[in-house]
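Enquirer: Contents of coords23.cif (mmCIF, C-alpha atoms and all ligand atoms):
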```cif
data_final
loop_
_atom_site.label_atom_id
_atom_site.label_comp_id
_atom_site.auth_asym_id
_atom_site.auth_seq_id
_atom_site.Cartn_x
_atom_site.Cartn_y
_atom_site.Cartn_z
CA MET W 242 89.01 126.01 99.60
CA SER W 243 92.36 124.29 99.01
CA PRO W 244 93.06 121.06 100.96
CA PRO W 245 95.43 121.11 103.95
CA ARG W 246 99.05 120.43 103.00
CA VAL W 247 101.27 117.84 104.66
CA TRP W 248 105.03 117.79 104.25
CA ILE W 249 106.75 114.41 104.10
CA THR W 250 110.50 114.67 104.52
CA GLY W 251 112.67 111.72 103.50
CA ALA W 252 110.20 110.96 100.70
CA GLY W 253 112.89 109.02 98.84
CA GLY W 254 113.36 106.60 101.74
CA LEU W 255 111.44 103.50 102.85
CA LEU W 256 108.77 105.02 105.09
CA GLY W 257 108.47 108.32 103.24
CA SER W 258 107.78 106.47 100.00
CA TYR W 259 105.10 104.33 101.68
CA LEU W 260 103.41 107.41 103.09
CA ILE W 261 103.28 108.85 99.57
CA LYS W 262 102.06 105.56 98.04
CA THR W 263 99.29 105.14 100.61
CA ALA W 264 98.16 108.78 100.85
CA ARG W 265 95.44 108.57 98.24
CA ARG W 266 93.79 105.71 100.15
CA TYR W 267 94.33 106.75 103.77
CA ALA W 268 94.76 110.51 103.55
CA PRO W 269 92.56 111.65 100.66
CA ASP W 270 91.84 114.99 102.30
CA TRP W 271 95.50 116.02 102.38
CA GLN W 272 97.63 117.56 99.67
CA VAL W 273 100.89 115.67 100.06
CA ILE W 274 104.21 117.42 99.46
CA GLY W 275 107.02 114.85 99.40
CA LEU W 276 110.53 116.20 99.87
CA GLN W 277 113.50 114.18 98.70
CA ARG W 278 117.12 115.08 99.26
CA SER W 279 117.28 116.27 95.62
CA ASP W 280 114.48 118.78 96.37
CA LEU W 281 116.00 120.12 99.56
CA ASP W 282 119.02 119.32 101.73
CA LEU W 283 117.53 119.62 105.21
CA ASN W 284 120.96 120.46 106.59
CA ASP W 285 120.71 123.81 104.81
CA PHE W 286 118.62 125.58 107.45
CA ALA W 287 118.22 128.77 105.40
CA ALA W 288 116.85 126.82 102.43
CA LEU W 289 114.69 124.76 104.81
CA ARG W 290 113.19 127.89 106.31
CA ASN W 291 112.51 129.46 102.90
CA ARG W 292 110.83 126.33 101.61
CA TYR W 293 108.81 125.93 104.81
CA LEU W 294 107.55 129.51 104.60
CA ALA W 295 106.72 129.08 100.92
CA ASP W 296 104.78 125.82 101.37
CA SER W 297 103.39 126.70 104.82
CA PRO W 298 102.35 123.08 105.51
CA ASP W 299 99.46 122.27 107.85
CA ALA W 300 101.28 119.18 109.15
CA VAL W 301 104.72 117.57 108.90
CA ILE W 302 105.68 113.89 108.87
CA HIS W 303 109.42 113.88 109.37
CA CYS W 304 110.99 110.71 107.91
CA ALA W 305 114.40 112.03 106.84
CA ALA W 306 117.21 110.73 109.03
CA ILE W 307 120.49 108.93 109.14
CA ALA W 308 118.61 105.71 109.87
CA HIS W 309 121.48 103.25 109.58
CA PRO W 310 122.98 102.75 113.07
CA PRO W 311 126.52 101.87 111.85
CA ALA W 312 126.61 105.12 109.79
CA CYS W 313 125.74 107.09 112.96
CA GLN W 314 128.40 105.23 114.92
CA ARG W 315 131.01 106.14 112.26
CA ASP W 316 130.11 109.84 112.14
CA PRO W 317 128.35 110.96 115.36
CA GLU W 318 128.57 114.65 114.48
CA HIS W 319 126.77 114.22 111.18
CA ALA W 320 124.22 111.91 112.83
CA HIS W 321 123.52 114.56 115.46
CA ARG W 322 123.19 117.28 112.86
CA VAL W 323 120.62 115.36 110.77
CA ASN W 324 118.77 113.40 113.44
CA VAL W 325 118.66 116.04 116.18
CA ASP W 326 119.38 119.53 114.84
CA VAL W 327 117.22 119.16 111.73
CA THR W 328 114.37 117.74 113.82
CA CYS W 329 114.64 120.66 116.27
CA GLN W 330 114.53 123.16 113.40
CA LEU W 331 111.47 121.51 111.93
CA ALA W 332 109.77 121.33 115.33
CA GLU W 333 110.39 125.06 115.72
CA PHE W 334 108.96 125.93 112.30
CA ALA W 335 106.01 123.57 112.85
CA VAL W 336 105.29 124.90 116.34
CA ALA W 337 101.60 125.51 115.60
CA VAL W 338 100.81 122.41 113.51
CA PRO W 339 101.01 118.61 113.99
CA LEU W 340 104.48 117.14 113.54
CA PHE W 341 105.15 113.39 113.49
CA PHE W 342 108.65 112.12 114.23
CA TYR W 343 109.80 108.51 113.86
CA SER W 344 111.99 107.17 116.64
CA THR W 345 113.16 103.65 117.33
CA ASP W 346 112.84 100.66 119.65
CA LEU W 347 116.64 100.93 120.04
CA VAL W 348 116.18 103.78 122.55
CA PHE W 349 115.96 100.94 125.11
CA ASP W 350 118.91 98.94 126.41
CA GLY W 351 117.10 95.67 125.66
CA LYS W 352 117.59 94.14 129.07
CA ARG W 353 113.88 93.42 129.51
CA GLY W 354 111.74 93.74 126.34
CA ASN W 355 108.00 94.36 125.91
CA TYR W 356 108.64 98.06 126.61
CA ILE W 357 105.76 100.48 127.14
CA GLU W 358 105.83 104.21 126.50
CA SER W 359 106.51 105.14 130.14
CA ASP W 360 109.63 102.92 130.39
CA ALA W 361 112.87 104.87 130.63
CA PRO W 362 115.11 104.89 127.54
CA ASN W 363 118.75 103.97 127.95
CA PRO W 364 120.36 104.32 124.51
CA LEU W 365 123.42 102.17 123.83
CA THR W 366 124.41 103.60 120.45
CA VAL W 367 124.91 106.97 118.76
CA TYR W 368 121.84 106.38 116.57
CA ALA W 369 119.67 105.65 119.59
CA ALA W 370 121.07 108.63 121.53
CA THR W 371 120.24 111.00 118.66
CA LYS W 372 116.69 109.67 118.63
CA VAL W 373 116.25 110.14 122.39
CA ALA W 374 117.52 113.73 122.11
CA ALA W 375 115.18 114.51 119.21
CA GLU W 376 112.21 112.86 120.97
CA GLN W 377 112.62 115.23 123.91
CA THR W 378 112.35 118.32 121.71
CA VAL W 379 109.40 116.97 119.77
CA LEU W 380 107.48 115.91 122.88
CA ALA W 381 107.96 119.32 124.47
CA ASN W 382 105.23 120.54 122.12
CA PRO W 383 101.78 119.10 123.03
CA ARG W 384 100.76 119.29 119.36
CA HIS W 385 103.55 116.94 118.28
CA THR W 386 103.87 113.16 118.09
CA VAL W 387 106.65 110.58 118.39
CA LEU W 388 106.18 107.09 116.94
CA ARG W 389 108.79 104.57 118.08
CA LEU W 390 109.15 101.90 115.41
CA SER W 391 110.76 98.50 115.22
CA LEU W 392 112.27 97.00 112.02
CA ASN W 393 110.18 97.78 108.94
CA PHE W 394 110.04 95.67 105.80
CA GLY W 395 108.94 96.62 102.31
CA LYS W 396 110.29 97.90 99.01
CA SER W 397 112.26 101.14 99.10
CA PRO W 398 112.86 103.31 96.02
CA THR W 399 116.63 102.66 96.29
CA GLY W 400 116.18 98.93 96.94
CA ASN W 401 118.37 98.90 100.04
CA ARG W 402 116.50 100.50 102.95
CA GLY W 403 114.15 97.76 104.17
CA PHE W 404 115.87 95.15 106.35
CA ASN W 405 114.46 92.51 103.98
CA GLU W 406 116.19 94.26 101.07
CA GLN W 407 119.51 94.55 102.90
CA PHE W 408 119.34 90.90 103.88
CA ARG W 409 118.48 89.74 100.37
CA ASN W 410 121.15 91.98 98.79
CA GLU W 411 123.80 90.41 101.02
CA LEU W 412 122.74 86.87 100.12
CA THR W 413 122.49 87.77 96.43
CA ALA W 414 126.07 89.04 96.58
CA GLY W 415 127.10 85.65 97.94
CA ARG W 416 127.87 86.83 101.44
CA ASP W 417 127.03 84.47 104.31
CA ILE W 418 125.06 85.90 107.23
CA ALA W 419 125.00 84.74 110.84
CA LEU W 420 121.75 85.71 112.55
CA PHE W 421 121.12 85.82 116.28
CA THR W 422 118.60 83.41 117.76
CA ASP W 423 118.49 85.57 120.91
CA GLU W 424 118.09 89.18 119.72
CA TYR W 425 114.45 90.26 119.53
CA ARG W 426 112.46 92.91 117.66
CA CYS W 427 108.82 93.30 116.56
CA PRO W 428 109.00 93.69 112.77
CA ALA W 429 106.25 95.51 110.90
CA ALA W 430 105.30 96.08 107.27
CA ALA W 431 106.09 99.63 106.15
CA LEU W 432 102.62 99.49 104.61
CA HIS W 433 101.04 99.14 108.06
CA THR W 434 103.30 101.77 109.60
CA ALA W 435 102.24 104.22 106.90
CA ARG W 436 98.55 103.40 107.30
CA ALA W 437 98.77 103.80 111.08
CA THR W 438 100.60 107.11 110.72
CA TRP W 439 97.88 108.50 108.47
CA GLU W 440 95.17 107.35 110.88
CA LEU W 441 96.95 108.98 113.81
CA LEU W 442 97.43 112.22 111.89
CA ASN W 443 93.77 112.24 110.87
CA GLN W 444 92.84 111.88 114.57
CA ARG W 445 95.42 114.51 115.57
CA ALA W 446 96.85 111.97 118.04
CA THR W 447 99.69 113.52 120.01
CA GLY W 448 102.36 112.32 122.42
CA LEU W 449 104.43 109.15 122.42
CA PHE W 450 103.39 105.81 120.87
CA HIS W 451 105.04 102.46 120.21
CA LEU W 452 104.10 101.27 116.70
CA CYS W 453 105.28 97.84 115.59
CA GLY W 454 104.30 94.33 114.57
CA ALA W 455 102.39 92.17 117.06
CA ASP W 456 105.02 89.41 117.26
CA ARG W 457 108.36 89.42 119.06
CA LEU W 458 110.82 87.61 116.80
CA ALA W 459 114.51 86.75 116.89
CA ARG W 460 116.54 87.76 113.83
CA TRP W 461 116.92 84.09 113.00
CA GLU W 462 113.13 83.62 113.05
CA ILE W 463 112.74 86.67 110.83
CA ALA W 464 115.10 85.12 108.28
CA LYS W 465 113.15 81.88 108.31
CA LEU W 466 109.98 83.81 107.45
CA LEU W 467 111.66 85.65 104.57
CA LEU W 468 113.70 82.92 102.87
CA PRO W 469 110.74 80.92 101.44
CA HIS W 470 109.73 84.01 99.46
CA TRP W 471 112.99 84.06 97.49
CA PRO W 472 114.67 81.76 95.00
CA PRO W 473 117.80 80.01 96.29
CA LEU W 474 120.51 82.66 96.74
CA PRO W 475 124.29 82.13 96.82
CA GLY W 476 124.84 83.38 100.39
CA ARG W 477 124.12 81.09 103.34
CA VAL W 478 122.30 81.87 106.59
CA THR W 479 123.44 80.35 109.86
CA PRO W 480 122.16 80.73 113.43
CA ASP W 481 124.35 82.49 115.97
CA THR W 482 124.04 83.92 119.46
CA ILE W 483 124.44 87.52 120.59
CA LYS W 484 126.85 86.17 123.21
CA ASN W 485 129.43 85.79 120.40
CA TYR W 486 128.97 89.36 119.18
CA GLN W 487 131.83 91.84 119.34
CA GLY W 488 131.25 95.48 118.38
CA PRO W 489 129.26 98.49 119.52
CA PRO W 490 126.69 97.46 122.16
CA ARG W 491 123.30 96.25 120.89
CA PRO W 492 120.12 95.64 122.84
CA ALA W 493 119.21 91.95 123.14
CA ASP W 494 115.46 92.45 123.48
CA SER W 495 114.04 95.76 122.26
CA SER W 496 110.55 94.37 121.68
CA LEU W 497 107.82 96.98 122.10
CA ASN W 498 104.35 96.79 123.56
CA CYS W 499 102.03 98.57 121.11
CA ALA W 500 98.76 98.27 123.08
CA LYS W 501 98.46 102.06 123.45
CA VAL W 502 98.51 102.78 119.72
CA GLN W 503 96.40 99.72 118.91
CA ARG W 504 93.47 101.24 120.81
CA LEU W 505 93.43 104.18 118.36
CA LEU W 506 93.70 102.24 115.10
CA SER W 507 90.86 100.97 112.89
CA PHE W 508 92.86 97.81 112.05
CA ARG W 509 94.78 95.22 114.06
CA LEU W 510 98.55 95.45 113.80
CA PRO W 511 99.55 91.97 112.61
CA GLY W 512 102.70 90.01 113.39
CA MET W 513 105.25 89.57 110.63
CA ALA W 514 104.09 86.07 109.58
CA GLU W 515 100.52 87.27 109.16
CA ALA W 516 101.57 90.44 107.33
CA LEU W 517 103.72 88.42 104.93
CA ALA W 518 100.92 85.94 104.29
CA GLN W 519 98.66 88.86 103.44
CA TYR W 520 101.17 90.87 101.38
CA PRO W 521 103.93 88.51 100.11
CA GLU W 522 104.71 90.93 97.27
CA GLU W 523 106.11 93.34 99.86
CA VAL W 524 109.30 91.27 100.09
CA ARG W 525 109.49 89.70 96.62
N1 LIG S 601 112.90 101.49 108.55
C1 LIG S 601 113.00 101.04 109.81
O1 LIG S 601 113.07 99.82 110.04
C2 LIG S 601 112.98 102.02 110.95
C3 LIG S 601 112.97 101.51 112.26
C4 LIG S 601 112.96 102.40 113.34
C5 LIG S 601 112.95 103.76 113.10
N2 LIG S 601 112.99 104.24 111.82
C6 LIG S 601 113.01 105.69 111.61
O2 LIG S 601 112.01 106.02 110.66
C7 LIG S 601 112.44 107.14 109.86
C8 LIG S 601 112.35 106.77 108.39
O3 LIG S 601 113.21 105.64 108.19
P1 LIG S 601 113.43 105.00 106.76
O4 LIG S 601 113.62 103.55 106.96
O5 LIG S 601 112.40 105.48 105.81
O6 LIG S 601 114.86 105.62 106.40
P2 LIG S 601 115.53 105.75 104.95
O7 LIG S 601 114.91 104.78 104.01
O8 LIG S 601 117.00 105.72 105.14
O9 LIG S 601 115.06 107.20 104.52
C9 LIG S 601 115.58 108.36 105.10
C10 LIG S 601 115.63 109.42 104.03
O10 LIG S 601 116.13 110.63 104.60
C11 LIG S 601 116.93 111.25 103.61
N3 LIG S 601 117.85 112.22 104.18
C12 LIG S 601 118.87 111.98 105.04
N4 LIG S 601 119.53 113.13 105.29
C13 LIG S 601 118.91 114.09 104.56
C14 LIG S 601 119.14 115.48 104.38
N5 LIG S 601 120.15 116.12 105.00
N6 LIG S 601 118.32 116.17 103.57
C15 LIG S 601 117.31 115.55 102.93
N7 LIG S 601 117.03 114.24 103.04
C16 LIG S 601 117.84 113.52 103.85
C17 LIG S 601 117.66 110.07 102.98
O11 LIG S 601 118.22 110.47 101.75
P3 LIG S 601 119.54 109.70 101.19
O12 LIG S 601 119.06 108.33 100.83
O13 LIG S 601 119.96 110.53 100.05
O14 LIG S 601 120.52 109.67 102.33
C18 LIG S 601 116.55 109.05 102.85
O15 LIG S 601 115.84 109.18 101.64
C19 LIG S 601 113.84 107.47 110.36
O16 LIG S 601 113.75 108.47 111.33
C20 LIG S 601 114.31 106.18 111.01
O17 LIG S 601 115.28 106.43 111.99
C21 LIG S 601 113.00 103.39 110.73
#
```
Now, as a test, write the supplied structure out as C-alpha cells.
Expert:
Amino acid sequence: MSPPRVWITGAGGLLGSYLIKTARRYAPDWQVIGLQRSDLDLNDFAALRNRYLADSPDAVIHCAAIAHPPACQRDPEHAHRVNVDVTCQLAEFAVAVPLFFYSTDLVFDGKRGNYIESDAPNPLTVYAATKVAAEQTVLANPRHTVLRLSLNFGKSPTGNRGFNEQFRNELTAGRDIALFTDEYRCPAAALHTARATWELLNQRATGLFHLCGADRLARWEIAKLLLPHWPPLPGRVTPDTIKNYQGPPRPADSSLNCAKVQRLLSFRLPGMAEALAQYPEEVR
C-alpha cells in the first residue's frame, strides 16, 4: 500500500523548507509533496484544483502566504487574495482531510500579552486581518487546524525570510537598526515549529493552538542574543522605544501562551536563548 501523501504549500519559504527538511525524521510515514511557486501559482484556482485532484493528498500543511506585513499593508487586495482566498479554496478542496494553517501572534492588539487561544483577536494591520479571516474559514471545519506562530528564526532557501536573516542582511548592508526595548514576541526556531507541526499532524490534533518559544522577549533582547553569533558587521544596533514609532499600528506585546500545545508535544518548547545554545548553526 502506498504511504499517505501530504501537501506542503510554500515549500520554498522558511517554514515550508523546514517541514521538508525534517519530514524524514518526524514524519517518516508520509510521502511529502512540496509545492513551490515555480511548481504552481496558488492564485490560479483552476490549476490548483487540477493539481489537487491529481495528487489527491491525505493532508495539507499550508505555508504559502504573503507573510511580510509591510507587503500586505502596501497591497491589501493581493494580500487578501493569497492569504484568505487561496486558504479558503484549499480548505474547500481539503474538506475531508486534515489541513494545517499557520496564523500569527499579530492577530492580537498587543495591549496585554500572554494571550491564550480563547482571547479575542483584534487585528491592527492588513496582514493580521487577512489571517483572522482565514482562521475563521479553517476553524469552521472540525478536521482542520490553525497554529498561531510568533517570530521564527532559521535559514530560508532564499536567505531573507527568517527575522534573523533579515536583521543580519540589513547590518551587512551597513544599515543601522533601532530596536524596541518595549515590543514583545516569543521567538521560536523554525526547526521546533516544524517538529511540533509534524507531531500534531501525526496525532490528528485539530482546532486552534498557540505555538511559539517559551520566552517573551523584546526586539532589543532578541538582537542581543543574535549578535554574538556573527562577526562584526558594518551596521549598528541601537535601543529605541515603541513610543517613538510612527507608521501603521503595531502591537506592543503579542506574546503567546503556548501551554495548550505544550501538553500535546513530546518535547519542551524552549525559549530563544536555549534554542540558540542548542542549535547555533541555525543563525550562522
Ligand atoms: N516566519 C515567521 O516568523 C512567521 C510568523 C508568524 C506566522 N507565519 C506564517 O507562517 C506561514 C509560513 O511563513 P514563512 O515564514 O515560511 O513565509 P515565507 O518564507 O515568506 O514563505 C511563504 C512562501 O509562500 C510562497 N507563495 C506566496 N504566494 C504564492 C502563490 N501565489 N503561489 C505559490 N506560492 C506562493 C512564497 O513564494 P515567493 O517567495 O515566490 O513569494 C514563499 O515561498 C505564513 O502563513 C506566515 O504568515 C510565519
Enquirer: At a cut-off of 9 Å, can you tabulate as a tab-separated table every residue of chain W near ligand LIG 601 (chain S) together with its closest atom pair and the distance in Å to one decimal, using all atoms listed in the file and ordering rows by chain then number?
Expert:
```
residue	atom	partner	partner_atom	distance
W:Thr250	CA	S:LIG601	N7	6.7
W:Gly251	CA	S:LIG601	C10	3.8
W:Ala252	CA	S:LIG601	O15	6.0
W:Gly253	CA	S:LIG601	O15	4.1
W:Gly254	CA	S:LIG601	O7	3.3
W:Leu255	CA	S:LIG601	O5	3.7
W:Leu256	CA	S:LIG601	O5	3.7
W:Gly257	CA	S:LIG601	O5	5.5
W:Ser258	CA	S:LIG601	O5	7.5
W:Tyr259	CA	S:LIG601	O5	8.5
W:Leu276	CA	S:LIG601	C15	7.5
W:Gln277	CA	S:LIG601	N7	5.6
W:Arg278	CA	S:LIG601	C15	3.7
W:Ser279	CA	S:LIG601	C15	7.3
W:Asp280	CA	S:LIG601	C15	7.8
W:Leu281	CA	S:LIG601	C15	5.8
W:Asp282	CA	S:LIG601	N6	3.7
W:Leu283	CA	S:LIG601	N6	3.9
W:Asn284	CA	S:LIG601	N5	4.7
W:Asp285	CA	S:LIG601	N5	7.7
W:His303	CA	S:LIG601	O16	7.2
W:Cys304	CA	S:LIG601	C8	4.2
W:Ala305	CA	S:LIG601	O10	3.2
W:Ala306	CA	S:LIG601	C12	4.5
W:Ile307	CA	S:LIG601	C12	5.4
W:Ala308	CA	S:LIG601	O17	4.0
W:His309	CA	S:LIG601	O8	6.8
W:Pro310	CA	S:LIG601	O17	8.6
W:Ala320	CA	S:LIG601	N4	9.0
W:Arg322	CA	S:LIG601	N5	8.5
W:Val323	CA	S:LIG601	N5	5.8
W:Asn324	CA	S:LIG601	O16	7.3
W:Val327	CA	S:LIG601	N5	7.9
W:Phe342	CA	S:LIG601	O16	6.9
W:Tyr343	CA	S:LIG601	O2	4.6
W:Ser344	CA	S:LIG601	C5	5.0
W:Thr345	CA	S:LIG601	C4	4.2
W:Asp346	CA	S:LIG601	C4	6.5
W:Leu347	CA	S:LIG601	C4	7.8
W:Tyr368	CA	S:LIG601	O17	8.0
W:Ala369	CA	S:LIG601	O17	8.8
W:Lys372	CA	S:LIG601	O17	7.5
W:Leu388	CA	S:LIG601	C5	8.5
W:Arg389	CA	S:LIG601	C5	6.5
W:Leu390	CA	S:LIG601	C4	4.4
W:Ser391	CA	S:LIG601	C3	4.8
W:Leu392	CA	S:LIG601	O1	3.5
W:Asn393	CA	S:LIG601	O1	3.7
W:Phe394	CA	S:LIG601	O1	6.7
W:Gly395	CA	S:LIG601	N1	8.9
W:Ser397	CA	S:LIG601	O7	6.7
W:Pro398	CA	S:LIG601	O7	8.4
W:Thr399	CA	S:LIG601	O12	7.7
W:Asn401	CA	S:LIG601	O7	7.9
W:Arg402	CA	S:LIG601	O7	4.7
W:Gly403	CA	S:LIG601	N1	5.9
W:Phe404	CA	S:LIG601	O1	6.6
W:Pro428	CA	S:LIG601	O1	7.8
W:Ala429	CA	S:LIG601	O1	8.1
W:Ala431	CA	S:LIG601	N1	7.5
```
Enquirer: Would you work out the distance separating atom CA of Val373 of chain W from atom CA of Ile249 of chain W, expressed in Å to one decimal?
Expert: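 Taking atom CA of Val373 of chain W and atom CA of Ile249 of chain W, their separation equals 21.0 Å.
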Enquirer: So which residues touch Ala514 of chain W within 8 Å, counting only C-alpha atoms, skipping near sequence neighbours fewer than 3 positions away, as a PyMOL selection string?
Expert: chain W and resi 466+517-518
Enquirer: Mind dumping the selected residues with C-alpha atoms as a PDB file, keeping the file's coordinate frame?
Expert:
```
ATOM      1  CA  LEU W 466     109.980  83.810 107.450  1.00  0.00           C
ATOM      2  CA  LEU W 517     103.720  88.420 104.930  1.00  0.00           C
ATOM      3  CA  ALA W 518     100.920  85.940 104.290  1.00  0.00           C
TER       4      ALA W 518
END
```
Enquirer: Residues near segment 445-459 of chain W, anyone? I mean within 8 Å using all atoms listed in the file, not counting same-chain ones fewer than 3 positions away, as a PyMOL selection string.
Expert: chain W and resi 339+357-358+380+383-392+421-430+434+441-442+462-463+496-499+501-502+510-513
Enquirer: Can you spit out the residues from that selection as an mmCIF file, in the frame of the given file, using C-alpha atoms?
Expert:
```
data_model
loop_
_atom_site.group_PDB
_atom_site.id
_atom_site.type_symbol
_atom_site.label_atom_id
_atom_site.label_comp_id
_atom_site.auth_asym_id
_atom_site.auth_seq_id
_atom_site.Cartn_x
_atom_site.Cartn_y
_atom_site.Cartn_z
ATOM 1 C CA PRO W 339 101.010 118.610 113.990
ATOM 2 C CA ILE W 357 105.760 100.480 127.140
ATOM 3 C CA GLU W 358 105.830 104.210 126.500
ATOM 4 C CA LEU W 380 107.480 115.910 122.880
ATOM 5 C CA PRO W 383 101.780 119.100 123.030
ATOM 6 C CA ARG W 384 100.760 119.290 119.360
ATOM 7 C CA HIS W 385 103.550 116.940 118.280
ATOM 8 C CA THR W 386 103.870 113.160 118.090
ATOM 9 C CA VAL W 387 106.650 110.580 118.390
ATOM 10 C CA LEU W 388 106.180 107.090 116.940
ATOM 11 C CA ARG W 389 108.790 104.570 118.080
ATOM 12 C CA LEU W 390 109.150 101.900 115.410
ATOM 13 C CA SER W 391 110.760 98.500 115.220
ATOM 14 C CA LEU W 392 112.270 97.000 112.020
ATOM 15 C CA PHE W 421 121.120 85.820 116.280
ATOM 16 C CA THR W 422 118.600 83.410 117.760
ATOM 17 C CA ASP W 423 118.490 85.570 120.910
ATOM 18 C CA GLU W 424 118.090 89.180 119.720
ATOM 19 C CA TYR W 425 114.450 90.260 119.530
ATOM 20 C CA ARG W 426 112.460 92.910 117.660
ATOM 21 C CA CYS W 427 108.820 93.300 116.560
ATOM 22 C CA PRO W 428 109.000 93.690 112.770
ATOM 23 C CA ALA W 429 106.250 95.510 110.900
ATOM 24 C CA ALA W 430 105.300 96.080 107.270
ATOM 25 C CA THR W 434 103.300 101.770 109.600
ATOM 26 C CA LEU W 441 96.950 108.980 113.810
ATOM 27 C CA LEU W 442 97.430 112.220 111.890
ATOM 28 C CA GLU W 462 113.130 83.620 113.050
ATOM 29 C CA ILE W 463 112.740 86.670 110.830
ATOM 30 C CA SER W 496 110.550 94.370 121.680
ATOM 31 C CA LEU W 497 107.820 96.980 122.100
ATOM 32 C CA ASN W 498 104.350 96.790 123.560
ATOM 33 C CA CYS W 499 102.030 98.570 121.110
ATOM 34 C CA LYS W 501 98.460 102.060 123.450
ATOM 35 C CA VAL W 502 98.510 102.780 119.720
ATOM 36 C CA LEU W 510 98.550 95.450 113.800
ATOM 37 C CA PRO W 511 99.550 91.970 112.610
ATOM 38 C CA GLY W 512 102.700 90.010 113.390
ATOM 39 C CA MET W 513 105.250 89.570 110.630
#
```
Enquirer: In Å, how far is it from atom CA of Ala375 of chain W to atom CA of Thr328 of chain W?
Expert: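 Separating atom CA of Ala375 of chain W from atom CA of Thr328 of chain W is a distance of 6.3 Å.
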Enquirer: For Asn443 of chain W, which residue among W:Ser507, W:Asn410, W:Gln377, W:Asn382 is the nearest when counting all atoms listed in the file?
Expert: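 Answer, going by the shortest atom-to-atom distance: W:Ser507.
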Enquirer: Quick one, how far is atom CA of Leu412 of chain W from atom CA of Trp471 of chain W?
Expert: 10.5 Å
Enquirer: Of the candidates W:Arg416, W:Lys465, W:Arg290, W:Lys262, which one gets nearest to His433 of chain W if we count all atoms listed in the file?
Expert: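 Looking only at the distances to His433 of chain W, the closest residue turns out to be W:Lys262.
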Enquirer: Looking at all atoms listed in the file, which of W:Arg409, W:Val325, W:Pro475, W:Trp248 is the one that sits closest to Lys396 of chain W?
Expert: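 So, comparing all the options, the nearest one is W:Arg409.
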Enquirer: Pick out the closest residue to Leu294 of chain W from this set: W:Glu515, W:Pro244, W:Phe334, W:Pro492. Count only C-alpha atoms.
Expert: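 Looking at the shortest contact to Leu294 of chain W, the residue is W:Phe334.
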Enquirer: Give me the residues within 10 Å of Phe286 of chain W as a ChimeraX atom specification, counting only C-alpha atoms and dropping any in the same chain fewer than 6 places off.
Expert: /W:292,326-327,330-331
Enquirer: If we draw a sphere of 9 Å around (123.8, 84.8, 111.4), which residues have at least one atom in it when counting all atoms listed in the file? Please report them as an MDAnalysis selection string.
Expert: chainID W and resid 417:422 460:461 477:482
Enquirer: Could you take the residues named above and write them with C-alpha atoms, as an mmCIF file, in the coordinates of the input?
Expert:
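Final output, out-v3.cif:
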```cif
data_model
loop_
_atom_site.group_PDB
_atom_site.id
_atom_site.type_symbol
_atom_site.label_atom_id
_atom_site.label_comp_id
_atom_site.auth_asym_id
_atom_site.auth_seq_id
_atom_site.Cartn_x
_atom_site.Cartn_y
_atom_site.Cartn_z
ATOM 1 C CA ASP W 417 127.030 84.470 104.310
ATOM 2 C CA ILE W 418 125.060 85.900 107.230
ATOM 3 C CA ALA W 419 125.000 84.740 110.840
ATOM 4 C CA LEU W 420 121.750 85.710 112.550
ATOM 5 C CA PHE W 421 121.120 85.820 116.280
ATOM 6 C CA THR W 422 118.600 83.410 117.760
ATOM 7 C CA ARG W 460 116.540 87.760 113.830
ATOM 8 C CA TRP W 461 116.920 84.090 113.000
ATOM 9 C CA ARG W 477 124.120 81.090 103.340
ATOM 10 C CA VAL W 478 122.300 81.870 106.590
ATOM 11 C CA THR W 479 123.440 80.350 109.860
ATOM 12 C CA PRO W 480 122.160 80.730 113.430
ATOM 13 C CA ASP W 481 124.350 82.490 115.970
ATOM 14 C CA THR W 482 124.040 83.920 119.460
#
```
Enquirer: I'd like to know which of W:Ala437, W:Ala287, W:Ala374, W:Val524 is closest to Gln503 of chain W, using only C-alpha atoms.
Expert: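 Smallest separation from Gln503 of chain W among the options: W:Ala437.
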Enquirer: Which of these residues is nearest to Ser495 of chain W, using all atoms listed in the file: W:Ala381, W:Glu440, W:Leu365, W:Asp350?
Expert: W:Asp350
